[in-house]
Every structure is written in structure tokens, then in C-alpha cells.
Amino acid sequence: MNLASAAGITLEALRRRCAGVALLTAAEDTAPYLSDHRRLYHGRALAVALPQTVAQLAALMSCCHELGIGVVPQGGNTSYCGGATPDESGQQLVIGLGRMNRVRAIDAANFSMTVEAGCLLEQVQRAAAGAGCYFPLELGSAGSCQIGGNLATNAGGLNVLRFGMARDLTLGIEAVLPDGRVFQRLRSLRKDNTGYDLKSLLIGSEGTLGIITAATLKLWPQRHGSSTAFVAVADVGAAIALLALLRGAAGERLNSFELLPRAAIELACRYIPDTRAPLGTASAWYVLCELGSFVDEQLDELLQNTLAQATSAGLVQDAAIAASEAQRRAFWNLREAIPEAQRRAGPGVKHDISVPVSALPAFVAEASAWVAGHVSEGTLVAYGHAGDGNLHFNINWLGGAASAADVAAQEPVIRRAIHDLVAAHGGSISAEHGIGRLKVAELQRYTSAVELDMMREIKRALDPKGIMNPGKLLGS
Ligand SMILES: Cc1cc2nc3c(=O)[nH]c(=O)nc-3n(C[C@H](O)[C@H](O)[C@H](O)COP(=O)(O)OP(=O)(O)OC[C@H]3O[C@@H](n4cnc5c(N)ncnc54)[C@H](O)[C@@H]3O)c2cc1C
């Protein structure tokens, strides 16, 4: 039997046994699901399945398990690692979660909410606000990524310093396992020591152990106020000293601490309309930091006093505190414009690394020196969530300095050098974006044999047929 007729028979079985699941097969319908956000990967698929209920998804997974069909869960398809793109075989089934997008319940007294996996992050934030609460996960992709994808990748973002990563924000999970069984653990408890933490295992598993269908999330009271500053600092060491000063003075009120090099500001201002540098002082590095509070207090005064102290200590060269919500938004828009500006500026090599915060100055100095010595015509644009020790240590070739093919040819050498330095500083080669397809080999290189064995044994136990997101995270 040829592949086309085998696929036809498989699709017929899926249609017959999975009533209610929309199955897209026409090229124009499936196209948006077959390439990743960065256009690094282009796959083919047997079909794209769009279930609307847990029961429909369970029936679908049971059928795929029986027939040995590889499945690729897909949320908002904003992954930077190709995690949600099928391979080129045309034999895998993409399962889109977008139709499972109900807010099931909000319990304001318990500060928790239960939402389905296909809810956009922005929708979750808005629903929480509508109930007088605050859900603190904040990413530049909030308008297109889904909460299921956020949990599957254990997303980080702008508020990790204060509130933690997606795993830290989750009380309960519901998921369909590879054989179609439903794992129901939508408890909304802060305390629950009853055996292995299976919810935490599913969070960050990038669709390789099961499909998350719903989650119970932690909420906080609505924020009362914030104070946001754009600060010029001489170098990364000064930025890290400022971070310590702010943590000491503001404690838990420090929500965000982003490090931005001048090259990133210049790119954003050049390529993204309506962005401009907030300070007249030209500096090599800038910090965007924000304090937030749940009670009424003088945050501007606190921030101003701490920055004055940092100026006296020689850490700060210039600073502006947002005088209005519009100015605060302008600071953040500038920060959030950087990834898109990089995309428009030309081809590049991206790294999503973390090292202990105390090691950031030495890491940046060593890695920058390596780039200067080995990457001709590349511009270093290393920015990110420095308060968490996380930097997007990216290199761009601006204005036609190199073709995409030239950059791709250099990428393995660059990646190896940067990741070796990260490892030497006790860091991680994937701080928040995950492994997906992009970093399968990197995970093998930088993870101990014991850890890899444990991961493979867990994978075998839960997915013995290897149908969940084949080729991602642990590879084949
Ligand atoms: C402009 C921009 C800014 C970004 N900023 C950040 C940032 O600050 N921090 C950060 O961490 N990331 C960031 N990202 C990356 C991305 O948005 C996150 O990784 C996000 O969590 C992915 O969600 P998604 O719904 O798009 O998932 P997808 O891209 O669809 O999928 C990602 C992975 O999760 C799996 N998956 C998706 N849904 C499910 C499910 N329901 N069950 C099981 N597995 C599933 C997929 O198979 C895939 O492996 C950014 C991306 C963009 C484009």
C-alpha cells in the first residue's frame, strides 16, 4: 500500500472514531500550523486536529496510540525552538488546542482560577483582572501564546524575579496522556504533599509526555501601583550591583530587572515605529526596572531614593522614572520591540542562556570578547531578564552584512563557544524557551548521563510507543 492510501485509511479511522474533532487537511487550512514562528522549520502533517472537549481529545489520543500515530501538540505556535512544528514525513498529526479556550472558574477568595489550555495568555490576564485579581505571567507574545503552551514550556518572562516561572504559578493540571487516559489534578491547594509532583513533571515537558488541557493558576490581588525607571549604567557589573541595592531597598516589590545594551535600543529605534531612547545620556548599557505593590505606598519615592544612592556610589550615570502610565508603556514598548527589531534587522544567531546573577559580568565580558575576536561583522545584541541571570545573547548581521546561509554556516561554531562558556559558569543553555527541536543536541551535550537516563526512563514509562512530539526535547 502506498503512503497516500495508508494516510487516507488512517484519516478515515480518526474521523469515524473521533466525532466532533475538526480535521483539517486542505493545504490552505493546515499551512499556518506547519511552520514555526521563526521560520526555521517547515513540516508536513497527516492533518491538523482541533478538538473542543477533553473527551474528544481523549478519544483522539486513544486512537493515535492504537494506530501508532505521532502527535504534535500546538498552542499559539510562538515557540522559539521549533517545538510545535511537525517533521517533514507528513505522517504526524498536529493537535491544535485553540478551540479549548474556556475560563472554567475563578475563585477570587482562594486567589485561583481554572482555565483551559487554549486560552490566550492575554485572555487569562484579562479574566483575572475582571475578577479583581492579578495573574503575573507576562511575555511579549501574550496576545498569541496560549496558557497550555506557557505551561508546556514553563515560560518565564518579565516578572519571574518576583513571581517565579509558569511552574511556580500553577496549582493544578489536567492532561490527556499518550494512551488517552485523563490525568485530573485540578486542585487549587497551596499545600498538597501526596506523593510525586506529577503536575510539575508535565509542566516544561514540551508536549512529550501528554497534552495539557486545563490548569488551575495562582492569582494575586490587583496591583495598586508601580514605579518604573530607565537607567543608564556603565557596565554589567554596575547593573548587578544596582540589582542588589534595589533588592535590599525594595525587597519583594522589585518585579522586573531587564538589561539592555545600547545596540538593542538603537535597533528598536531604527526598525520599530514610535520608539525612542528615553535618556539623552549615551551609555553602553541600560536597565529597565519596575517596582510594584499590592498596597498604597510611595513607590516613586522609594525608587528615586535608591537610584540617588546608586548614583552616589557611581553605579548609575543617568535615570528617568516614568511620570505617567503612557511613559511607563513607552519604556516597556521599547523593551518589547527588541525581538521584532532583530528580526527585521537581518539574520542572527540567538541564545537563551542563564548563569548565576553573580556570574553575569564575567560571562558577558568573556563571551563578548569571544564574539569580537571570532565573529566578523556580527553585532552583539545581548539583552534580557538579567534579574533572573537570563540573557538572550544574540548576534545580528545588520543591513546585509551576511546572508542567512552565511549565518547558518557560522551558527554551530558560535553556539558551541557560547554554550561552553555558559557551562563553564554553571549556567543553562535554555533558560526559558525550552529545547524543542532546536536544542536536542545541546541538551545531550550539557546534561549528565544520569539526568538523561532518568528523563528517558520517564518518557518510556509514560509514552512507551514514543508518539508524543517525536524528535523533540530528547530526540528520537
Ligand atoms: C515576541 C515574543 C516574545 C517572547 N517572550 C518570551 C519570554 O519573555 N519568555 C518566555 O519564556 N518565552 C517567550 N517567548 C516564547 C514563547 O512565546 C513561549 O515559549 C510560549 O510559552 C509558547 O506558548 P505557545 O502557546 O505559543 O506554545 P507553542 O509554540 O504552540 O508550543 C510550544 C511547545 O509546547 C508544546 N505545547 C503547546 N501547547 C501544549 C499543550 N496544551 N499541552 C502540551 N504541550 C503543548 C508544543 O508541542 C511545543 O513543544 C516569546 C515569543 C515571542 C514570539
# chains A, B, ... in the order shown; residues from 1 in each chain; ligands from 1
>>> closest_atom_pairs(of="chain A", to="ligand 1", cutoff="7 Å", atoms="only C-alpha atoms and all ligand atoms", output="tab-separated table")
residue	atom	partner	partner_atom_place_in_ligand_line	distance
A:His37	CA	ligand 1	53 (C)	6.7
A:Val72	CA	ligand 1	47 (O)	5.4
A:Pro73	CA	ligand 1	47 (O)	4.1
A:Gln74	CA	ligand 1	30 (O)	4.0
A:Gly75	CA	ligand 1	30 (O)	3.3
A:Gly76	CA	ligand 1	26 (O)	3.5
A:Asn77	CA	ligand 1	30 (O)	3.3
A:Thr78	CA	ligand 1	26 (O)	3.6
A:Ser79	CA	ligand 1	29 (O)	3.5
A:Tyr80	CA	ligand 1	15 (C)	5.5
A:Gly83	CA	ligand 1	49 (O)	3.6
A:Ala84	CA	ligand 1	48 (C)	4.0
A:Leu97	CA	ligand 1	41 (N)	6.0
A:Ala117	CA	ligand 1	41 (N)	5.1
A:Gly118	CA	ligand 1	41 (N)	6.8
A:Leu139	CA	ligand 1	8 (O)	4.4
A:Gly140	CA	ligand 1	3 (C)	3.9
A:Ser141	CA	ligand 1	2 (C)	4.2
A:Ser144	CA	ligand 1	26 (O)	6.6
A:Cys145	CA	ligand 1	25 (O)	3.8
A:Gln146	CA	ligand 1	25 (O)	3.7
A:Ile147	CA	ligand 1	25 (O)	6.2
A:Gly148	CA	ligand 1	41 (N)	3.9
A:Gly149	CA	ligand 1	25 (O)	3.5
A:Asn150	CA	ligand 1	21 (O)	3.3
A:Leu151	CA	ligand 1	21 (O)	6.7
A:Ala152	CA	ligand 1	34 (O)	4.6
A:Thr153	CA	ligand 1	34 (O)	5.3
A:Asn154	CA	ligand 1	21 (O)	6.7
A:Ala155	CA	ligand 1	11 (O)	3.5
A:Gly156	CA	ligand 1	11 (O)	3.9
A:Gly157	CA	ligand 1	8 (O)	3.4
A:Leu158	CA	ligand 1	8 (O)	6.0
A:Glu206	CA	ligand 1	49 (O)	3.9
A:Gly207	CA	ligand 1	44 (N)	3.3
A:Gly210	CA	ligand 1	43 (C)	5.9
A:Ile211	CA	ligand 1	42 (N)	3.7
A:Ile212	CA	ligand 1	42 (N)	3.8
A:Thr213	CA	ligand 1	41 (N)	5.6
A:Pro339	CA	ligand 1	1 (C)	6.1
A:Glu340	CA	ligand 1	1 (C)	6.9
A:Glu432	CA	ligand 1	11 (O)	4.3
A:His433	CA	ligand 1	11 (O)	4.9
A:Gly436	CA	ligand 1	49 (O)	5.5
A:Asn469	CA	ligand 1	47 (O)	6.3
>>> residues_around(residues="Asp453 of chain A", least_positions_apart="6", cutoff="12 Å", atoms="only C-alpha atoms", output="NGL selection string")
:A and (444 or 447 or 459-460 or 474)
>>> residues_around(residues="Arg17 of chain A", least_positions_apart="2", cutoff="10 Å", atoms="only C-alpha atoms", output="count of residues only")
13
>>> closest_residue(among="A:His42, A:Ile203, A:Arg445, A:Trp220", to="Gln125 of chain A", atoms="only C-alpha atoms")
A:Trp220
>>> residues_around(residues="Ile338 of chain A", least_positions_apart="4", cutoff="9 Å", atoms="only C-alpha atoms", output="PyMOL selection string")
chain A and resi 264-265+267-268+272+333-334+342-343+383
>>> write_last_selection(atoms="N, CA, C and O atoms", output="CSV table (one decimal), in the first residue's frame")
chain,number,residue,atom,x,y,z
A,264,ALA,N,20.8,47.3,21.3
A,264,ALA,CA,19.4,46.8,21.3
A,264,ALA,C,18.5,48.1,21.2
A,264,ALA,O,17.5,48.0,20.4
A,265,ILE,N,18.8,49.1,21.9
A,265,ILE,CA,18.0,50.3,21.9
A,265,ILE,C,18.0,50.9,20.5
A,265,ILE,O,17.0,51.4,19.9
A,267,LEU,N,18.7,49.4,17.7
A,267,LEU,CA,17.9,48.6,16.7
A,267,LEU,C,16.4,48.9,16.8
A,267,LEU,O,15.7,49.0,15.8
A,268,ALA,N,15.9,48.9,18.0
A,268,ALA,CA,14.5,49.1,18.2
A,268,ALA,C,14.1,50.5,17.7
A,268,ALA,O,13.1,50.6,16.9
A,272,ILE,N,11.5,49.9,14.6
A,272,ILE,CA,10.1,49.9,15.1
A,272,ILE,C,9.6,51.3,15.2
A,272,ILE,O,10.1,52.1,16.0
A,333,ASN,N,7.4,49.2,25.8
A,333,ASN,CA,7.2,49.0,24.4
A,333,ASN,C,8.6,48.9,23.7
A,333,ASN,O,8.9,48.1,22.8
A,334,LEU,N,9.5,49.8,24.2
A,334,LEU,CA,10.9,49.8,23.7
A,334,LEU,C,11.5,48.5,24.0
A,334,LEU,O,12.1,47.8,23.1
A,342,GLN,N,15.1,42.9,15.9
A,342,GLN,CA,16.2,42.0,15.5
A,342,GLN,C,15.8,41.2,14.2
A,342,GLN,O,16.6,41.0,13.3
A,343,ARG,N,14.5,40.8,14.2
A,343,ARG,CA,14.0,40.0,13.1
A,343,ARG,C,14.1,40.8,11.8
A,343,ARG,O,14.6,40.4,10.8
A,383,TYR,N,20.6,41.0,25.6
A,383,TYR,CA,19.6,41.7,26.4
A,383,TYR,C,18.8,40.7,27.1
A,383,TYR,O,18.8,39.5,26.8
>>> select_by_dssp(residues="segment 360-417 of chain A", states="alpha helix (DSSP H)", output="PyMOL selection string")
chain A and resi 360-374+404-417
>>> select_by_dssp(residues="segment 319-374 of chain A", states="strand (DSSP E)", output="list of chain:residue names")
A:Ala319, A:Ala320, A:Ile321, A:Gly348, A:Val349, A:Asp352, A:Ile353, A:Ser354
